[in-house]
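A.B. asks: As input, take target-v3.txt (compact mmCIF, C-alpha atoms):
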```
# COMPACT_ATOMS: atom_id res chain seq x y z
CA MET L 1 -55.18 44.19 6.90
CA THR L 2 -53.10 46.67 5.10
CA LEU L 3 -50.78 45.93 2.25
CA ALA L 4 -47.70 46.40 4.44
CA THR L 5 -48.98 43.91 7.03
CA ARG L 6 -49.76 41.32 4.39
CA LEU L 7 -46.34 41.79 2.87
CA ALA L 8 -44.68 41.36 6.27
CA VAL L 9 -46.65 38.15 6.95
CA VAL L 10 -45.67 36.72 3.54
CA VAL L 11 -42.00 37.57 4.08
CA ILE L 12 -41.94 35.98 7.54
CA ALA L 13 -43.74 32.87 6.31
CA SER L 14 -41.26 32.60 3.43
CA LEU L 15 -38.34 32.80 5.82
CA PHE L 16 -39.72 29.97 7.92
CA ALA L 17 -40.49 27.84 4.87
CA THR L 18 -37.10 28.30 3.17
CA GLY L 19 -34.99 28.45 6.31
CA THR L 20 -34.81 24.68 6.56
CA ALA L 21 -33.65 24.41 2.95
CA PHE L 22 -30.56 26.47 3.76
CA ALA L 23 -29.84 24.80 7.09
CA GLN L 24 -26.32 23.46 7.44
CA THR L 25 -26.09 19.69 7.45
CA ALA L 26 -24.09 17.86 10.08
CA ALA L 27 -20.48 17.17 9.21
CA PRO L 28 -19.68 13.51 8.52
CA ALA L 29 -18.15 11.71 11.44
CA ALA L 30 -14.37 11.60 11.35
CA LYS L 31 -12.89 8.17 10.80
CA THR L 32 -10.98 6.68 13.65
CA ASP L 33 -7.55 5.19 13.17
CA ALA L 34 -8.98 1.68 13.35
CA ALA L 35 -11.51 2.46 10.64
CA ALA L 36 -8.86 4.09 8.47
CA THR L 37 -6.62 1.04 8.63
CA THR L 38 -9.43 -1.30 7.62
CA ASP L 39 -10.11 0.82 4.53
CA LYS L 40 -6.60 0.25 3.23
CA LYS L 41 -5.98 -2.85 1.19
CA ALA L 42 -4.41 -5.68 3.09
CA PRO L 43 -1.07 -6.83 1.69
CA LYS L 44 -1.43 -9.74 -0.68
CA GLU L 45 -0.22 -13.14 0.32
CA HIS L 46 2.21 -14.30 -2.38
CA SER L 47 2.34 -17.92 -3.44
CA ALA L 48 5.46 -20.03 -3.05
CA GLU L 49 5.84 -20.04 -6.84
CA SER L 50 5.70 -16.26 -6.97
CA LEU L 51 8.31 -15.86 -4.24
CA GLU L 52 10.64 -18.38 -5.82
CA CYS L 53 10.36 -16.74 -9.25
CA SER L 54 11.05 -13.34 -7.68
CA LYS L 55 14.21 -14.72 -6.08
CA GLN L 56 15.33 -16.10 -9.42
CA ALA L 57 14.64 -12.77 -11.13
CA ASP L 58 16.63 -10.98 -8.42
CA ALA L 59 19.53 -13.38 -8.90
CA LYS L 60 19.53 -12.64 -12.63
CA GLY L 61 19.30 -8.89 -12.04
CA LEU L 62 16.15 -8.47 -14.10
CA HIS L 63 14.17 -5.24 -13.96
CA GLY L 64 11.13 -3.72 -15.65
CA LYS L 65 9.47 -5.50 -18.54
CA GLU L 66 12.09 -8.25 -18.65
CA ARG L 67 11.44 -9.08 -14.99
CA LYS L 68 7.68 -9.04 -15.46
CA LYS L 69 7.87 -11.39 -18.46
CA PHE L 70 10.30 -13.72 -16.70
CA ARG L 71 8.13 -13.93 -13.57
CA SER L 72 4.98 -14.49 -15.63
CA ASP L 73 6.55 -17.36 -17.58
CA CYS L 74 8.17 -18.79 -14.45
CA ILE L 75 4.92 -18.81 -12.46
CA LYS L 76 3.00 -20.41 -15.35
CA THR L 77 5.64 -23.11 -15.62
CA ALA L 78 5.71 -23.69 -11.86
CA LYS L 79 1.92 -23.97 -11.62
CA ALA L 80 1.83 -26.32 -14.61
CA GLY L 81 4.05 -28.72 -12.69
CA GLY L 82 7.42 -27.97 -14.23
CA ALA L 83 10.16 -27.76 -11.60
CA ALA L 84 12.62 -25.80 -13.70
CA ALA L 85 12.22 -22.14 -14.45
CA PRO L 86 11.94 -21.16 -18.10
CA ALA L 87 15.02 -20.05 -19.92
CA PRO L 88 15.35 -16.26 -20.09
CA ALA L 89 14.50 -14.62 -23.39
CA ALA L 90 17.38 -13.57 -25.61
CA ASP L 91 18.66 -10.11 -24.75
CA LYS L 92 17.62 -7.48 -27.28
CA LYS L 93 20.28 -4.99 -26.29
```
Would you write the structure of this file as structure tokens?
C.D. replies:
Amino acid sequence: MTLATRLAVVVIASLFATGTAFAQTAAPAAKTDAAATTDKKAPKEHSAESLECSKQADAKGLHGKERKKFRSDCIKTAKAGGAAAPAPAADKK
């Protein structure tokens, strides 16, 4: 065999050997609508205490940090067995 023939054989063998390394992989299957909806988080079920405290906070017009603190205290009180909601904190305005 001549040098050119050997070189050609080596090049062809290299192409076959490395061709699979550069092969394109299959695209991932597209999610269906049913699969996409199961990936989303289901809405949380709120407890009766949470809903009642939210109503009270709405009635008082609380927003932001004040609302969060009020609801936290209210839910703790309600779960502890107290029927009345806690008194709102003094306004720092």
A.B. asks: Just give me the gap between atom CA of Ala78 of chain L and atom CA of Cys53 of chain L in Å, one decimal is fine.
C.D. replies: 8.8 Å
A.B. asks: Measuring between all atoms listed in the file, which one of L:Leu15, L:Glu52, L:Ala4, L:His46 shows the shortest distance to Thr77 of chain L?
C.D. replies: L:Glu52
A.B. asks: To one decimal in Å, tell me the separation between atom CA of Leu3 of chain L and atom CA of Phe16 of chain L.
C.D. replies: 20.2 Å
A.B. asks: Record the distance separating atom CA of Gly81 of chain L and atom CA of Asp58 of chain L, expressed in Å with one decimal.
C.D. replies: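 Separation of atom CA of Gly81 of chain L and atom CA of Asp58 of chain L: 22.2 Å.
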A.B. asks: Which one of L:Thr18, L:Glu66, L:Gly61, L:Glu49 sits closest to Ala80 of chain L if you count all atoms listed in the file?
C.D. replies: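 With all atoms listed in the file as the atom set, the closest residue is L:Glu49.
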